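Colleague: One file is attached below, final_22.csv, containing CSV, C-alpha atoms.
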```
chain,number,residue,atom,x,y,z
A,10,MET,CA,54.5,-35.8,-158.3
A,11,PRO,CA,52.4,-34.8,-155.3
A,12,GLU,CA,53.9,-32.7,-152.6
A,13,THR,CA,54.9,-34.5,-149.4
A,14,PRO,CA,52.6,-33.3,-146.6
A,15,THR,CA,54.6,-31.8,-143.6
A,16,PHE,CA,52.0,-32.8,-141.0
A,17,GLY,CA,52.6,-36.3,-139.8
A,18,VAL,CA,55.8,-36.9,-141.7
A,19,HIS,CA,57.4,-38.1,-138.4
A,20,ILE,CA,54.7,-40.7,-138.1
A,21,TRP,CA,55.3,-41.9,-141.6
A,22,ASP,CA,59.0,-42.2,-140.9
A,23,TRP,CA,58.4,-44.2,-137.7
A,24,PHE,CA,56.0,-46.5,-139.6
A,25,VAL,CA,58.5,-47.1,-142.4
A,26,GLU,CA,61.2,-48.1,-139.8
A,27,LEU,CA,58.7,-50.4,-138.1
A,28,HIS,CA,57.5,-51.8,-141.4
A,29,ASN,CA,61.0,-52.6,-142.5
A,30,SER,CA,61.5,-54.8,-139.5
A,31,ARG,CA,58.2,-56.6,-139.9
A,32,GLN,CA,58.1,-60.3,-139.2
A,33,SER,CA,56.6,-62.5,-141.9
A,34,GLY,CA,55.8,-66.2,-142.4
A,35,PHE,CA,53.3,-67.3,-144.9
A,36,SER,CA,51.9,-63.8,-144.8
A,37,ALA,CA,53.0,-60.5,-143.2
A,38,ASN,CA,52.3,-60.1,-139.5
A,39,PRO,CA,51.0,-57.0,-137.8
A,40,ILE,CA,53.6,-54.8,-136.1
A,41,SER,CA,53.4,-55.8,-132.5
A,42,PHE,CA,53.2,-53.6,-129.5
A,43,GLY,CA,56.5,-55.2,-128.4
A,44,GLU,CA,58.2,-54.1,-131.6
A,45,ILE,CA,56.9,-50.6,-131.2
A,46,GLU,CA,58.0,-50.5,-127.5
A,47,ALA,CA,61.5,-51.7,-128.5
A,48,PHE,CA,61.6,-49.1,-131.3
A,49,CYS,CA,60.8,-46.4,-128.9
A,50,ARG,CA,63.4,-47.6,-126.3
A,51,LEU,CA,66.2,-48.0,-128.9
A,52,THR,CA,65.6,-44.8,-130.9
A,53,GLY,CA,64.3,-42.5,-128.1
A,54,ALA,CA,61.1,-41.9,-130.0
A,55,ARG,CA,58.2,-40.7,-127.8
A,56,ILE,CA,55.0,-41.8,-129.5
A,57,ASP,CA,51.8,-40.3,-128.2
A,58,PRO,CA,48.6,-42.4,-128.0
A,59,TRP,CA,47.1,-40.7,-131.1
A,60,GLU,CA,50.3,-41.3,-133.1
A,61,LEU,CA,50.2,-44.9,-132.1
A,62,SER,CA,46.7,-45.1,-133.3
A,63,VAL,CA,47.7,-43.7,-136.7
A,64,ILE,CA,50.6,-46.2,-136.9
A,65,ARG,CA,48.2,-49.1,-136.1
A,66,ARG,CA,45.7,-47.9,-138.8
A,67,MET,CA,48.4,-47.5,-141.4
A,68,ASP,CA,49.6,-51.0,-140.5
A,69,GLN,CA,46.1,-52.4,-141.1
A,70,VAL,CA,45.9,-50.8,-144.5
A,71,VAL,CA,49.3,-52.0,-145.6
A,72,LEU,CA,48.7,-55.5,-144.3
A,73,SER,CA,45.4,-55.7,-146.2
A,74,ILE,CA,47.3,-54.9,-149.4
A,75,ILE,CA,50.4,-57.1,-148.8
A,76,ASN,CA,48.4,-60.1,-147.8
A,77,LYS,CA,46.0,-59.9,-150.7
A,78,THR,CA,48.7,-59.8,-153.4
A,79,GLY,CA,51.6,-61.3,-151.6
A,80,LYS,CA,53.7,-58.4,-152.8
A,81,PRO,CA,54.4,-55.1,-150.9
A,82,ASP,CA,54.1,-53.0,-154.2
A,83,VAL,CA,52.7,-50.0,-152.3
A,84,ALA,CA,55.9,-49.6,-150.3
A,85,HIS,CA,58.0,-49.3,-153.5
A,86,ARG,CA,56.0,-46.9,-155.7
A,87,GLN,CA,55.6,-43.2,-155.7
A,88,PRO,CA,52.5,-41.9,-153.9
A,89,THR,CA,49.7,-40.6,-156.1
A,90,GLU,CA,47.7,-37.4,-155.3
A,91,SER,CA,44.9,-39.7,-154.0
A,92,ASP,CA,47.3,-41.6,-151.8
A,93,VAL,CA,48.5,-38.3,-150.2
A,94,ALA,CA,44.9,-37.1,-149.8
A,95,GLU,CA,43.8,-40.3,-148.1
A,96,ALA,CA,46.9,-40.3,-145.8
A,97,LYS,CA,46.0,-36.7,-144.8
A,98,LEU,CA,42.4,-37.7,-144.0
A,99,ARG,CA,43.5,-40.7,-141.9
A,100,ILE,CA,46.1,-38.6,-140.0
A,101,ARG,CA,43.6,-35.8,-139.4
A,102,GLY,CA,40.9,-38.3,-138.4
A,103,ALA,CA,43.2,-39.9,-135.8
A,104,ALA,CA,44.4,-36.5,-134.5
A,105,LYS,CA,40.8,-35.3,-134.1
A,106,ASP,CA,40.1,-38.0,-131.5
A,107,ARG,CA,43.4,-37.6,-129.6
A,108,ARG,CA,43.5,-36.7,-126.0
A,109,ILE,CA,45.7,-33.8,-125.0
A,110,VAL,CA,48.3,-34.9,-122.4
A,111,LYS,CA,50.7,-32.3,-121.0
A,112,ARG,CA,54.2,-33.7,-120.5
A,113,LYS,CA,56.4,-32.7,-117.7
A,114,LYS,CA,59.6,-31.0,-118.9
A,115,ASP,CA,62.7,-33.2,-118.4
```
Show how you would write the structure in this file as structure tokens.
Modeller:
Amino acid sequence: MPETPTFGVHIWDWFVELHNSRQSGFSANPISFGEIEAFCRLTGARIDPWELSVIRRMDQVVLSIINKTGKPDVAHRQPTESDVAEAKLRIRGAAKDRRIVKRKKD
């Protein structure tokens, strides 16, 4: 079994929570900005713009799989080494384009 990457695990956890509350009809719908905003408000999560970008990209990939087969098989199987490698590339690609924003300390 591939080792779980430590970089970006928090993003994956957020995505899983959001994915589990996904609205569906005849096909799965994208996770809306409203759902993400409510998630942040209710959980206290502070999602940076680059992290939001990663979540949105992950959502696009998962939707393309769910809506082609009608089954969310990807969510229930163990990740392969290629799955982990692709996730790392996507996270690093999104992080590369991020803007650094300094936050004021509370």
Colleague: Residues at most 10 Å from His19 in chain A, counting all atoms listed in the file, excluding those fewer than 6 positions away in the same chain, as JSON, numbers by chain?
Modeller: {"A": [25, 54, 56, 60]}
Colleague: Using all atoms listed in the file, determine which residues lie at most 7 Å from range 65-73 of chain A, disregarding the query and same-chain residues fewer than 3 positions distant; provide the list as number ranges by chain.
Modeller: A: 37, 39, 61-62, 76-77
Colleague: By how many Å are CA of Ile74 in chain A and CA of Ile20 in chain A apart?
Modeller: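 Going from CA of Ile74 in chain A over to CA of Ile20 in chain A, I get 19.6 Å.
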Colleague: Could you tell me how far CA of Leu27 in chain A lies from CA of Ser41 in chain A, in Å and to one decimal?
Modeller: 9.4 Å
Colleague: Mind pulling up the distance from CA of Asn38 in chain A to CA of Thr15 in chain A?
Modeller: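 One can read the CA of Thr15 in chain A to CA of Asn38 in chain A distance as 28.7 Å.
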Colleague: Taking all atoms listed in the file into account, name the residue in A:Ser91, A:Ala47, A:Arg55, A:Val63 that is nearest to Phe24 in chain A.
Modeller: A:Val63
